[in-house]
$ cat work-v9.cif   # mmCIF, C-alpha atoms
data_run
#
loop_
_atom_site.group_PDB
_atom_site.id
_atom_site.type_symbol
_atom_site.label_atom_id
_atom_site.label_comp_id
_atom_site.auth_asym_id
_atom_site.auth_seq_id
_atom_site.Cartn_x
_atom_site.Cartn_y
_atom_site.Cartn_z
ATOM 1 C CA MET A 28 43.916 26.718 63.955
ATOM 2 C CA MET A 29 44.382 23.555 61.900
ATOM 3 C CA ASP A 30 41.436 21.159 62.382
ATOM 4 C CA ARG A 31 41.986 17.492 63.213
ATOM 5 C CA ARG A 32 41.175 16.161 59.678
ATOM 6 C CA THR A 33 43.555 18.594 57.967
ATOM 7 C CA PHE A 34 46.284 17.781 60.506
ATOM 8 C CA ILE A 35 45.962 14.020 59.899
ATOM 9 C CA CYS A 36 46.094 14.443 56.104
ATOM 10 C CA ALA A 37 49.093 16.740 56.342
ATOM 11 C CA MET A 38 51.001 14.415 58.627
ATOM 12 C CA ALA A 39 50.238 11.350 56.513
ATOM 13 C CA GLY A 40 52.562 12.563 53.763
ATOM 14 C CA GLY A 41 52.281 12.651 49.969
ATOM 15 C CA LEU A 42 51.161 9.076 49.383
ATOM 16 C CA LEU A 43 48.280 9.231 51.852
ATOM 17 C CA ALA A 44 47.287 12.847 51.378
ATOM 18 C CA ALA A 45 45.752 12.286 47.958
ATOM 19 C CA PRO A 46 43.072 9.825 49.175
ATOM 20 C CA CYS A 47 42.132 12.255 51.939
ATOM 21 C CA ILE A 48 41.543 14.987 49.401
ATOM 22 C CA VAL A 49 39.783 12.744 46.879
ATOM 23 C CA ARG A 50 37.292 11.493 49.448
ATOM 24 C CA GLY A 51 35.934 15.028 49.744
ATOM 25 C CA GLN A 52 35.364 15.357 45.952
ATOM 26 C CA GLN A 53 33.176 13.495 43.458
ATOM 27 C CA PRO A 54 34.543 13.163 39.896
ATOM 28 C CA ALA A 55 32.242 14.697 37.310
ATOM 29 C CA MET A 56 30.256 12.252 35.155
ATOM 30 C CA PRO A 57 31.085 12.193 31.427
ATOM 31 C CA MET A 58 28.614 14.352 29.511
ATOM 32 C CA ILE A 59 27.137 13.318 26.153
ATOM 33 C CA GLY A 60 25.661 15.841 23.732
ATOM 34 C CA PHE A 61 22.603 14.638 21.772
ATOM 35 C CA ILE A 62 21.443 16.769 18.832
ATOM 36 C CA ARG A 63 18.595 16.363 16.307
ATOM 37 C CA ARG A 64 16.873 18.771 13.938
ATOM 38 C CA THR A 65 13.462 17.569 15.127
ATOM 39 C CA VAL A 66 11.211 18.272 18.088
ATOM 40 C CA ALA A 67 11.705 16.291 21.284
ATOM 41 C CA GLU A 68 8.218 14.737 21.368
ATOM 42 C CA GLY A 69 8.565 12.800 18.122
ATOM 43 C CA SER A 70 12.002 11.479 19.021
ATOM 44 C CA ALA A 71 11.129 9.505 22.158
ATOM 45 C CA PRO A 72 11.514 6.030 20.542
ATOM 46 C CA PHE A 73 14.963 6.904 19.210
ATOM 47 C CA VAL A 74 16.152 8.393 22.506
ATOM 48 C CA GLY A 75 14.923 5.289 24.312
ATOM 49 C CA ALA A 76 16.806 3.019 21.913
ATOM 50 C CA PHE A 77 19.956 5.126 22.311
ATOM 51 C CA ARG A 78 19.747 4.803 26.087
ATOM 52 C CA GLN A 79 19.307 1.052 25.692
ATOM 53 C CA GLY A 80 22.548 0.890 23.713
ATOM 54 C CA LEU A 81 24.315 2.893 26.390
ATOM 55 C CA ASN A 82 22.964 0.516 29.042
ATOM 56 C CA GLU A 83 24.308 -2.459 27.084
ATOM 57 C CA ALA A 84 27.723 -0.788 27.185
ATOM 58 C CA GLY A 85 27.482 -0.268 30.945
ATOM 59 C CA PHE A 86 26.331 3.356 31.103
ATOM 60 C CA VAL A 87 23.124 4.632 32.692
ATOM 61 C CA GLU A 88 21.926 8.212 32.378
ATOM 62 C CA GLY A 89 21.995 9.943 35.746
ATOM 63 C CA GLN A 90 24.190 7.284 37.337
ATOM 64 C CA ASN A 91 27.521 7.308 35.520
ATOM 65 C CA ILE A 92 26.811 9.579 32.541
ATOM 66 C CA ALA A 93 24.865 12.774 31.857
ATOM 67 C CA ILE A 94 23.164 13.685 28.560
ATOM 68 C CA GLU A 95 22.582 17.195 27.234
ATOM 69 C CA TYR A 96 19.761 17.229 24.655
ATOM 70 C CA ARG A 97 19.455 19.851 21.927
ATOM 71 C CA TRP A 98 16.411 20.018 19.626
ATOM 72 C CA ALA A 99 16.275 22.304 16.565
ATOM 73 C CA GLU A 100 12.457 21.917 16.364
ATOM 74 C CA ASP A 101 12.638 21.358 12.586
ATOM 75 C CA GLN A 102 14.560 24.599 12.071
ATOM 76 C CA THR A 103 17.761 23.520 10.366
ATOM 77 C CA ASP A 104 19.365 26.945 10.683
ATOM 78 C CA ARG A 105 19.438 26.522 14.485
ATOM 79 C CA LEU A 106 21.700 23.469 14.347
ATOM 80 C CA PRO A 107 25.114 25.228 14.055
ATOM 81 C CA ALA A 108 24.456 27.269 17.209
ATOM 82 C CA LEU A 109 23.204 24.209 19.100
ATOM 83 C CA ALA A 110 26.260 22.186 18.068
ATOM 84 C CA ALA A 111 28.576 25.040 19.074
ATOM 85 C CA GLU A 112 26.861 25.193 22.457
ATOM 86 C CA LEU A 113 27.579 21.504 23.070
ATOM 87 C CA VAL A 114 31.224 22.079 22.180
ATOM 88 C CA ARG A 115 31.386 24.931 24.703
ATOM 89 C CA ARG A 116 29.933 22.585 27.327
ATOM 90 C CA ARG A 117 32.954 20.328 26.657
ATOM 91 C CA VAL A 118 30.883 17.194 26.149
ATOM 92 C CA ALA A 119 32.818 13.937 25.837
ATOM 93 C CA VAL A 120 30.897 12.740 22.755
ATOM 94 C CA ILE A 121 28.329 14.290 20.408
ATOM 95 C CA VAL A 122 25.508 12.113 19.045
ATOM 96 C CA ALA A 123 24.126 13.487 15.764
ATOM 97 C CA GLY A 124 20.751 12.293 14.522
ATOM 98 C CA GLY A 125 20.250 13.015 10.824
ATOM 99 C CA ASN A 126 22.385 14.522 8.071
ATOM 100 C CA GLU A 127 21.935 18.158 9.035
ATOM 101 C CA SER A 128 22.844 17.524 12.670
ATOM 102 C CA LEU A 129 25.956 15.604 11.623
ATOM 103 C CA ILE A 130 27.100 18.364 9.270
ATOM 104 C CA ALA A 131 26.599 20.993 11.989
ATOM 105 C CA ALA A 132 28.454 18.934 14.589
ATOM 106 C CA LYS A 133 31.380 18.223 12.255
ATOM 107 C CA ALA A 134 31.664 21.935 11.452
ATOM 108 C CA ALA A 135 31.700 22.744 15.173
ATOM 109 C CA THR A 136 34.538 20.431 16.212
ATOM 110 C CA ALA A 137 37.337 18.372 14.723
ATOM 111 C CA THR A 138 38.393 16.884 18.061
ATOM 112 C CA ILE A 139 35.322 15.833 20.087
ATOM 113 C CA PRO A 140 34.169 12.340 18.991
ATOM 114 C CA ILE A 141 30.928 12.370 16.965
ATOM 115 C CA VAL A 142 28.655 9.325 16.593
ATOM 116 C CA PHE A 143 25.924 9.641 13.959
ATOM 117 C CA SER A 144 22.734 7.840 13.014
ATOM 118 C CA ILE A 145 21.779 8.850 9.461
ATOM 119 C CA GLY A 146 19.930 7.568 6.416
ATOM 120 C CA ASP A 147 22.630 8.635 4.001
ATOM 121 C CA ASP A 148 26.083 7.669 2.794
ATOM 122 C CA PRO A 149 28.592 9.375 5.145
ATOM 123 C CA VAL A 150 31.386 8.987 2.581
ATOM 124 C CA LYS A 151 29.448 10.923 -0.058
ATOM 125 C CA LEU A 152 28.587 13.518 2.580
ATOM 126 C CA GLY A 153 32.322 13.959 3.171
ATOM 127 C CA MET A 154 32.036 13.056 6.857
ATOM 128 C CA VAL A 155 34.300 9.968 6.843
ATOM 129 C CA ALA A 156 37.158 8.746 4.657
ATOM 130 C CA SER A 157 35.672 5.262 4.253
ATOM 131 C CA LEU A 158 33.159 2.990 5.935
ATOM 132 C CA ASN A 159 35.797 0.563 7.230
ATOM 133 C CA ARG A 160 38.308 3.209 8.356
ATOM 134 C CA PRO A 161 36.433 6.444 9.034
ATOM 135 C CA GLY A 162 39.473 8.442 10.161
ATOM 136 C CA GLY A 163 39.089 11.713 12.041
ATOM 137 C CA ASN A 164 36.592 12.144 14.860
ATOM 138 C CA VAL A 165 33.415 10.778 13.226
ATOM 139 C CA THR A 166 31.780 7.340 13.029
ATOM 140 C CA GLY A 167 28.314 5.874 13.533
ATOM 141 C CA VAL A 168 25.446 4.010 11.899
ATOM 142 C CA SER A 169 24.182 4.504 8.341
ATOM 143 C CA PHE A 170 20.945 3.087 6.984
ATOM 144 C CA VAL A 171 21.380 4.095 3.317
ATOM 145 C CA THR A 172 18.024 3.974 1.550
ATOM 146 C CA SER A 173 18.627 4.257 -2.226
ATOM 147 C CA ASP A 174 17.985 0.526 -2.771
ATOM 148 C CA LEU A 175 15.012 0.407 -0.417
ATOM 149 C CA VAL A 176 12.995 3.135 -2.136
ATOM 150 C CA VAL A 177 12.642 0.941 -5.246
ATOM 151 C CA LYS A 178 11.508 -1.907 -2.998
ATOM 152 C CA ARG A 179 8.797 0.409 -1.612
ATOM 153 C CA LEU A 180 7.663 1.123 -5.148
ATOM 154 C CA GLU A 181 7.411 -2.631 -5.792
ATOM 155 C CA LEU A 182 5.363 -3.120 -2.625
ATOM 156 C CA LEU A 183 2.943 -0.396 -3.724
ATOM 157 C CA ARG A 184 2.592 -2.192 -7.068
ATOM 158 C CA GLU A 185 1.656 -5.394 -5.238
ATOM 159 C CA LEU A 186 -1.008 -3.517 -3.328
ATOM 160 C CA LEU A 187 -2.215 -1.263 -6.162
ATOM 161 C CA PRO A 188 -1.169 -2.781 -9.516
ATOM 162 C CA LYS A 189 -3.255 -0.357 -11.613
ATOM 163 C CA VAL A 190 -1.918 2.934 -10.211
ATOM 164 C CA ALA A 191 -0.342 5.033 -12.971
ATOM 165 C CA THR A 192 1.067 7.990 -11.031
ATOM 166 C CA ILE A 193 2.825 7.777 -7.676
ATOM 167 C CA GLY A 194 3.830 10.751 -5.551
ATOM 168 C CA PHE A 195 7.179 11.063 -3.808
ATOM 169 C CA PHE A 196 7.882 13.409 -0.890
ATOM 170 C CA TRP A 197 11.581 14.197 -0.586
ATOM 171 C CA THR A 198 14.065 16.720 0.763
ATOM 172 C CA PRO A 199 17.248 17.660 -1.126
ATOM 173 C CA SER A 200 20.222 15.563 0.042
ATOM 174 C CA PRO A 201 22.616 13.066 -1.539
ATOM 175 C CA SER A 202 20.308 10.166 -0.645
ATOM 176 C CA GLY A 203 17.254 12.139 -1.772
ATOM 177 C CA GLU A 204 18.799 12.673 -5.196
ATOM 178 C CA LEU A 205 19.708 8.985 -5.454
ATOM 179 C CA ASN A 206 16.203 7.946 -4.465
ATOM 180 C CA LEU A 207 14.617 10.280 -6.993
ATOM 181 C CA ARG A 208 16.720 8.971 -9.889
ATOM 182 C CA ALA A 209 16.169 5.352 -8.847
ATOM 183 C CA LEU A 210 12.403 5.868 -8.626
ATOM 184 C CA HIS A 211 12.142 7.543 -12.030
ATOM 185 C CA THR A 212 14.106 4.701 -13.649
ATOM 186 C CA ALA A 213 12.076 1.963 -11.943
ATOM 187 C CA ALA A 214 8.742 3.648 -12.677
ATOM 188 C CA GLN A 215 9.507 4.221 -16.366
ATOM 189 C CA SER A 216 10.334 0.545 -16.816
ATOM 190 C CA ARG A 217 6.731 -0.251 -15.848
ATOM 191 C CA GLY A 218 5.048 2.650 -17.631
ATOM 192 C CA GLN A 219 4.414 4.547 -14.404
ATOM 193 C CA LYS A 220 5.047 8.201 -13.548
ATOM 194 C CA ILE A 221 6.632 9.683 -10.409
ATOM 195 C CA LEU A 222 5.384 13.080 -9.210
ATOM 196 C CA ALA A 223 8.195 14.337 -6.956
ATOM 197 C CA LEU A 224 7.377 17.093 -4.466
ATOM 198 C CA ARG A 225 10.011 18.826 -2.342
ATOM 199 C CA THR A 226 8.975 19.061 1.280
ATOM 200 C CA GLY A 227 11.474 20.980 3.361
ATOM 201 C CA SER A 228 9.342 21.899 6.380
ATOM 202 C CA GLU A 229 6.078 20.963 8.083
ATOM 203 C CA ARG A 230 4.348 23.846 6.274
ATOM 204 C CA ASP A 231 4.892 22.083 2.938
ATOM 205 C CA PHE A 232 2.743 19.023 3.611
ATOM 206 C CA GLU A 233 -0.727 20.576 3.336
ATOM 207 C CA PRO A 234 -0.057 22.089 -0.138
ATOM 208 C CA ALA A 235 1.799 18.922 -1.213
ATOM 209 C CA PHE A 236 -1.255 16.773 -0.504
ATOM 210 C CA ALA A 237 -3.438 19.308 -2.304
ATOM 211 C CA THR A 238 -1.196 18.849 -5.354
ATOM 212 C CA LEU A 239 -1.499 15.064 -5.111
ATOM 213 C CA VAL A 240 -5.292 15.344 -5.129
ATOM 214 C CA GLN A 241 -5.298 17.855 -7.981
ATOM 215 C CA GLN A 242 -3.017 15.633 -10.077
ATOM 216 C CA ARG A 243 -5.079 12.516 -9.226
ATOM 217 C CA VAL A 244 -2.082 10.684 -7.815
ATOM 218 C CA GLY A 245 -3.012 7.150 -6.798
ATOM 219 C CA ALA A 246 -0.388 6.441 -4.117
ATOM 220 C CA LEU A 247 2.505 8.041 -2.270
ATOM 221 C CA ILE A 248 6.054 7.164 -1.230
ATOM 222 C CA VAL A 249 7.212 9.235 1.753
ATOM 223 C CA GLY A 250 10.963 9.813 1.778
ATOM 224 C CA SER A 251 13.387 9.186 4.594
ATOM 225 C CA GLY A 252 14.803 11.778 6.939
ATOM 226 C CA ALA A 253 14.351 13.453 10.294
ATOM 227 C CA LEU A 254 11.578 15.779 9.047
ATOM 228 C CA PHE A 255 9.352 12.924 7.903
ATOM 229 C CA ALA A 256 9.961 11.000 11.109
ATOM 230 C CA SER A 257 9.127 13.953 13.355
ATOM 231 C CA GLN A 258 6.029 14.940 11.347
ATOM 232 C CA ARG A 259 4.716 11.396 10.990
ATOM 233 C CA ASN A 260 1.421 12.158 12.752
ATOM 234 C CA GLN A 261 0.665 15.064 10.438
ATOM 235 C CA ILE A 262 1.581 13.144 7.274
ATOM 236 C CA ALA A 263 -0.390 10.038 8.236
ATOM 237 C CA GLY A 264 -3.378 12.209 9.139
ATOM 238 C CA LEU A 265 -3.313 14.032 5.802
ATOM 239 C CA ALA A 266 -2.951 10.754 3.896
ATOM 240 C CA ALA A 267 -5.992 9.370 5.731
ATOM 241 C CA ARG A 268 -8.020 12.546 5.154
ATOM 242 C CA HIS A 269 -7.353 12.479 1.412
ATOM 243 C CA ALA A 270 -7.534 8.655 1.191
ATOM 244 C CA ILE A 271 -4.102 8.386 -0.448
ATOM 245 C CA PRO A 272 -2.378 5.055 0.249
ATOM 246 C CA ALA A 273 1.196 5.757 1.351
ATOM 247 C CA ILE A 274 4.284 3.721 2.128
ATOM 248 C CA TYR A 275 6.844 5.014 4.599
ATOM 249 C CA ASN A 276 10.381 4.370 5.733
ATOM 250 C CA LEU A 277 9.805 3.643 9.432
ATOM 251 C CA ARG A 278 7.503 1.431 11.473
ATOM 252 C CA GLU A 279 6.935 4.431 13.777
ATOM 253 C CA GLU A 280 5.140 6.115 10.879
ATOM 254 C CA VAL A 281 2.788 3.156 10.584
ATOM 255 C CA GLU A 282 2.238 3.168 14.332
ATOM 256 C CA ALA A 283 1.182 6.815 13.885
ATOM 257 C CA GLY A 284 -1.561 5.729 11.449
ATOM 258 C CA GLY A 285 0.318 5.330 8.186
ATOM 259 C CA LEU A 286 -0.657 2.467 5.882
ATOM 260 C CA MET A 287 2.603 0.538 5.559
ATOM 261 C CA SER A 288 6.372 0.867 5.819
ATOM 262 C CA TYR A 289 9.468 -0.918 4.654
ATOM 263 C CA GLY A 290 12.965 -0.045 5.733
ATOM 264 C CA SER A 291 15.781 -0.345 8.192
ATOM 265 C CA SER A 292 14.964 -0.150 11.863
ATOM 266 C CA ILE A 293 15.969 3.373 12.924
ATOM 267 C CA THR A 294 15.464 2.486 16.572
ATOM 268 C CA ASP A 295 17.987 -0.336 16.183
ATOM 269 C CA ALA A 296 20.378 2.151 14.546
ATOM 270 C CA TYR A 297 20.121 4.437 17.583
ATOM 271 C CA ARG A 298 20.702 1.454 19.874
ATOM 272 C CA GLN A 299 23.876 0.670 17.929
ATOM 273 C CA ALA A 300 24.912 4.319 18.191
ATOM 274 C CA GLY A 301 24.528 4.044 21.959
ATOM 275 C CA THR A 302 26.868 1.047 22.095
ATOM 276 C CA TYR A 303 29.438 2.964 20.036
ATOM 277 C CA VAL A 304 29.278 5.915 22.432
ATOM 278 C CA GLY A 305 29.900 3.477 25.265
ATOM 279 C CA ARG A 306 32.963 2.079 23.514
ATOM 280 C CA ILE A 307 34.331 5.589 22.950
ATOM 281 C CA LEU A 308 33.803 6.494 26.597
ATOM 282 C CA LYS A 309 35.861 3.409 27.445
ATOM 283 C CA GLY A 310 38.724 4.590 25.260
ATOM 284 C CA ALA A 311 38.008 3.552 21.669
ATOM 285 C CA LYS A 312 38.760 6.093 18.918
ATOM 286 C CA PRO A 313 36.115 6.984 16.290
ATOM 287 C CA ALA A 314 38.757 6.693 13.566
ATOM 288 C CA ASP A 315 39.118 2.978 14.372
ATOM 289 C CA LEU A 316 35.400 2.112 14.631
ATOM 290 C CA PRO A 317 33.946 1.138 11.229
ATOM 291 C CA VAL A 318 30.671 2.712 10.189
ATOM 292 C CA LEU A 319 27.875 0.243 10.891
ATOM 293 C CA GLN A 320 25.166 -0.316 8.313
ATOM 294 C CA GLY A 321 21.579 -1.222 9.095
ATOM 295 C CA THR A 322 20.873 -4.903 8.517
ATOM 296 C CA LYS A 323 17.447 -5.246 10.125
ATOM 297 C CA PHE A 324 14.630 -4.611 7.621
ATOM 298 C CA GLU A 325 10.928 -4.815 8.329
ATOM 299 C CA LEU A 326 7.622 -4.624 6.456
ATOM 300 C CA VAL A 327 4.816 -3.291 8.656
ATOM 301 C CA ILE A 328 1.139 -2.842 7.715
ATOM 302 C CA ASN A 329 -1.595 -1.025 9.632
ATOM 303 C CA ARG A 330 -4.752 -3.114 9.136
ATOM 304 C CA LYS A 331 -7.030 -0.421 10.616
ATOM 305 C CA THR A 332 -5.785 2.160 8.104
ATOM 306 C CA ALA A 333 -6.191 -0.317 5.248
ATOM 307 C CA LYS A 334 -9.809 -0.956 6.249
ATOM 308 C CA ALA A 335 -10.535 2.768 6.520
ATOM 309 C CA MET A 336 -9.249 3.206 2.951
ATOM 310 C CA ARG A 337 -11.206 0.127 1.820
ATOM 311 C CA LEU A 338 -8.060 -1.609 0.667
ATOM 312 C CA THR A 339 -7.662 -5.369 0.436
ATOM 313 C CA ILE A 340 -4.164 -6.411 1.393
ATOM 314 C CA PRO A 341 -2.959 -9.283 -0.843
ATOM 315 C CA PRO A 342 -1.983 -12.492 0.973
ATOM 316 C CA SER A 343 1.525 -12.161 -0.486
ATOM 317 C CA LEU A 344 1.999 -8.999 1.591
ATOM 318 C CA LEU A 345 0.208 -10.253 4.689
ATOM 319 C CA LEU A 346 2.463 -13.311 4.925
ATOM 320 C CA ARG A 347 5.622 -11.162 4.891
ATOM 321 C CA ALA A 348 4.452 -8.299 7.081
ATOM 322 C CA GLU A 349 4.067 -7.510 10.728
ATOM 323 C CA ILE A 350 0.447 -6.465 11.132
ATOM 324 C CA ILE A 351 -0.534 -3.602 13.434
ATOM 325 C CA GLU A 352 -4.195 -3.631 14.401
#

$ encode --input "work-v9.cif" --output "structure tokens"
Amino acid sequence: MMDRRTFICAMAGGLLAAPCIVRGQQPAMPMIGFIRRTVAEGSAPFVGAFRQGLNEAGFVEGQNIAIEYRWAEDQTDRLPALAAELVRRRVAVIVAGGNESLIAAKAATATIPIVFSIGDDPVKLGMVASLNRPGGNVTGVSFVTSDLVVKRLELLRELLPKVATIGFFWTPSPSGELNLRALHTAAQSRGQKILALRTGSERDFEPAFATLVQQRVGALIVGSGALFASQRNQIAGLAARHAIPAIYNLREEVEAGGLMSYGSSITDAYRQAGTYVGRILKGAKPADLPVLQGTKFELVINRKTAKAMRLTIPPSLLLRAEIIE
């Protein structure tokens, strides 16, 4: 027998039947896929900044959006499968943190919008047609670092003017190659030498520091990228153990015990990525959203680490830096 509610909806006719049906169903929240090659623990500041950007755009995780997180745990070869899994989940947008995650996501879908946060040139990576008009399904935030790595070398010279050989940790990528060439050119102009060491996984850092000690390297520039960010505690600890002054890309690396950093704010880049995701969820197309470039730069110095290494920070650096005690 037809119950009373069904009878009323049926009798109300086509125009009124739809609200009766809808009231019994809750529309599914849009789902965002978030993918990084790192471990989850080291990514908390970036995830928090991303959520802040979403909030600014009117979206709150668990209220009107859901987020599916995928972590490759520093195993790059896992990224294609993780990206494919997000595509199968039919997420509304994929957020790619780092070059490798972006490449995997782009290979997995040509239709789902992708918003990236990377320290490389997305045009040279072949991910977008141009910065102003990306085209396709990809846009995001780029904090290109080829100019900044020379600035880090200059800051090390201010701190340690007599150092002859400086180490450089890097991973092969378009920006890594640019940084390496820029460093060699800048160092040669001042009679200095760059000892470049490829570090592709967390297992490479112990032997890399052993090489620095063996070669009597006086200071170190740590490259940019997801691996260095996620392994910041290990790198800072090894630098402290071997008393090698190092400059990093991110303030988070200094907060982990590193000596000093200079670079774009990666947390601000993830916040901007969050606002872009919000705009896409409201109907904007990635092809029409220009790639944003990091404009917030910061010099950060850890005074406690400097004291432990018996370093005197020149006033010229202290006046320009944010000091972490």

$ atom_distance --input "work-v9.cif" --atom1 "atom CA of Ala270 of chain A" --atom2 "atom CA of Thr332 of chain A"
9.6 Å

$ residues_near_point --input "work-v9.cif" --point "(35.9, 17.2, 29.4)" --cutoff "10 Å" --atoms "all atoms listed in the file" --output "VMD selection string"
chain A and resid 55 to 58 114 116 to 120 139

$ atom_distance --input "work-v9.cif" --atom1 "atom CA of Arg78 of chain A" --atom2 "atom CA of Asp101 of chain A"
22.5 Å

$ closest_atom_pairs --input "work-v9.cif" --of "segment 155-185 of chain A" --to "segment 203-218 of chain A" --cutoff "10 Å" --atoms "only C-alpha atoms" --output "JSON lines"
{"residue": "A:Thr172", "atom": "CA", "partner": "A:Asn206", "partner_atom": "CA", "distance": 7.4}
{"residue": "A:Ser173", "atom": "CA", "partner": "A:Asn206", "partner_atom": "CA", "distance": 4.9}
{"residue": "A:Asp174", "atom": "CA", "partner": "A:Asn206", "partner_atom": "CA", "distance": 7.8}
{"residue": "A:Leu175", "atom": "CA", "partner": "A:Asn206", "partner_atom": "CA", "distance": 8.6}
{"residue": "A:Val176", "atom": "CA", "partner": "A:Asn206", "partner_atom": "CA", "distance": 6.2}
{"residue": "A:Val177", "atom": "CA", "partner": "A:Leu210", "partner_atom": "CA", "distance": 6.0}
{"residue": "A:Lys178", "atom": "CA", "partner": "A:Leu210", "partner_atom": "CA", "distance": 9.6}
{"residue": "A:Arg179", "atom": "CA", "partner": "A:Leu210", "partner_atom": "CA", "distance": 9.6}
{"residue": "A:Leu180", "atom": "CA", "partner": "A:Leu210", "partner_atom": "CA", "distance": 7.6}
{"residue": "A:Glu181", "atom": "CA", "partner": "A:Ala213", "partner_atom": "CA", "distance": 9.0}
{"residue": "A:Arg184", "atom": "CA", "partner": "A:Arg217", "partner_atom": "CA", "distance": 9.9}

$ atom_distance --input "work-v9.cif" --atom1 "atom CA of Gly153 of chain A" --atom2 "atom CA of Gln320 of chain A"
16.8 Å

$ closest_residue --input "work-v9.cif" --among "A:Ser157, A:Gly124, A:Phe236, A:Gln102" --to "Phe195 of chain A" --atoms "all atoms listed in the file"
A:Phe236

$ resolve_selection --input "work-v9.cif" --expression "the PyMOL selection byres ((chain A and resi 298) around 7)" --output "list in words"
Ala76, Phe77, Gln79, Gly80, Thr294, Asp295, Ala296, Tyr297, Gln299, Ala300, Gly301 and Thr302 of chain A

$ resolve_selection --input "work-v9.cif" --expression "the PyMOL selection byres ((chain A and resi 125) around 12)" --output "PDB file with C-alpha atoms, keeping the file's coordinate frame"
ATOM      1  CA  PHE A  61      22.603  14.638  21.772  1.00  0.00           C
ATOM      2  CA  ILE A  62      21.443  16.769  18.832  1.00  0.00           C
ATOM      3  CA  ARG A  63      18.595  16.363  16.307  1.00  0.00           C
ATOM      4  CA  ARG A  64      16.873  18.771  13.938  1.00  0.00           C
ATOM      5  CA  THR A  65      13.462  17.569  15.127  1.00  0.00           C
ATOM      6  CA  SER A  70      12.002  11.479  19.021  1.00  0.00           C
ATOM      7  CA  PHE A  73      14.963   6.904  19.210  1.00  0.00           C
ATOM      8  CA  TRP A  98      16.411  20.018  19.626  1.00  0.00           C
ATOM      9  CA  ALA A  99      16.275  22.304  16.565  1.00  0.00           C
ATOM     10  CA  ASP A 101      12.638  21.358  12.586  1.00  0.00           C
ATOM     11  CA  THR A 103      17.761  23.520  10.366  1.00  0.00           C
ATOM     12  CA  LEU A 106      21.700  23.469  14.347  1.00  0.00           C
ATOM     13  CA  VAL A 122      25.508  12.113  19.045  1.00  0.00           C
ATOM     14  CA  ALA A 123      24.126  13.487  15.764  1.00  0.00           C
ATOM     15  CA  GLY A 124      20.751  12.293  14.522  1.00  0.00           C
ATOM     16  CA  ASN A 126      22.385  14.522   8.071  1.00  0.00           C
ATOM     17  CA  GLU A 127      21.935  18.158   9.035  1.00  0.00           C
ATOM     18  CA  SER A 128      22.844  17.524  12.670  1.00  0.00           C
ATOM     19  CA  LEU A 129      25.956  15.604  11.623  1.00  0.00           C
ATOM     20  CA  ILE A 130      27.100  18.364   9.270  1.00  0.00           C
ATOM     21  CA  ALA A 131      26.599  20.993  11.989  1.00  0.00           C
ATOM     22  CA  ALA A 132      28.454  18.934  14.589  1.00  0.00           C
ATOM     23  CA  VAL A 142      28.655   9.325  16.593  1.00  0.00           C
ATOM     24  CA  PHE A 143      25.924   9.641  13.959  1.00  0.00           C
ATOM     25  CA  SER A 144      22.734   7.840  13.014  1.00  0.00           C
ATOM     26  CA  ILE A 145      21.779   8.850   9.461  1.00  0.00           C
ATOM     27  CA  GLY A 146      19.930   7.568   6.416  1.00  0.00           C
ATOM     28  CA  ASP A 147      22.630   8.635   4.001  1.00  0.00           C
ATOM     29  CA  ASP A 148      26.083   7.669   2.794  1.00  0.00           C
ATOM     30  CA  PRO A 149      28.592   9.375   5.145  1.00  0.00           C
ATOM     31  CA  LEU A 152      28.587  13.518   2.580  1.00  0.00           C
ATOM     32  CA  GLY A 167      28.314   5.874  13.533  1.00  0.00           C
ATOM     33  CA  VAL A 168      25.446   4.010  11.899  1.00  0.00           C
ATOM     34  CA  SER A 169      24.182   4.504   8.341  1.00  0.00           C
ATOM     35  CA  PHE A 170      20.945   3.087   6.984  1.00  0.00           C
ATOM     36  CA  VAL A 171      21.380   4.095   3.317  1.00  0.00           C
ATOM     37  CA  SER A 200      20.222  15.563   0.042  1.00  0.00           C
ATOM     38  CA  SER A 202      20.308  10.166  -0.645  1.00  0.00           C
ATOM     39  CA  SER A 251      13.387   9.186   4.594  1.00  0.00           C
ATOM     40  CA  GLY A 252      14.803  11.778   6.939  1.00  0.00           C
ATOM     41  CA  ALA A 253      14.351  13.453  10.294  1.00  0.00           C
ATOM     42  CA  LEU A 254      11.578  15.779   9.047  1.00  0.00           C
ATOM     43  CA  PHE A 255       9.352  12.924   7.903  1.00  0.00           C
ATOM     44  CA  ALA A 256       9.961  11.000  11.109  1.00  0.00           C
ATOM     45  CA  SER A 257       9.127  13.953  13.355  1.00  0.00           C
ATOM     46  CA  ILE A 293      15.969   3.373  12.924  1.00  0.00           C
ATOM     47  CA  ALA A 296      20.378   2.151  14.546  1.00  0.00           C
ATOM     48  CA  TYR A 297      20.121   4.437  17.583  1.00  0.00           C
TER      49      TYR A 297
END

$ resolve_selection --input "work-v9.cif" --expression "the PyMOL selection byres ((chain A and resi 334-343) around 12)" --output "PyMOL selection string"
chain A and resi 182-188+246+266-273+284-287+326-333+344-348+350+352
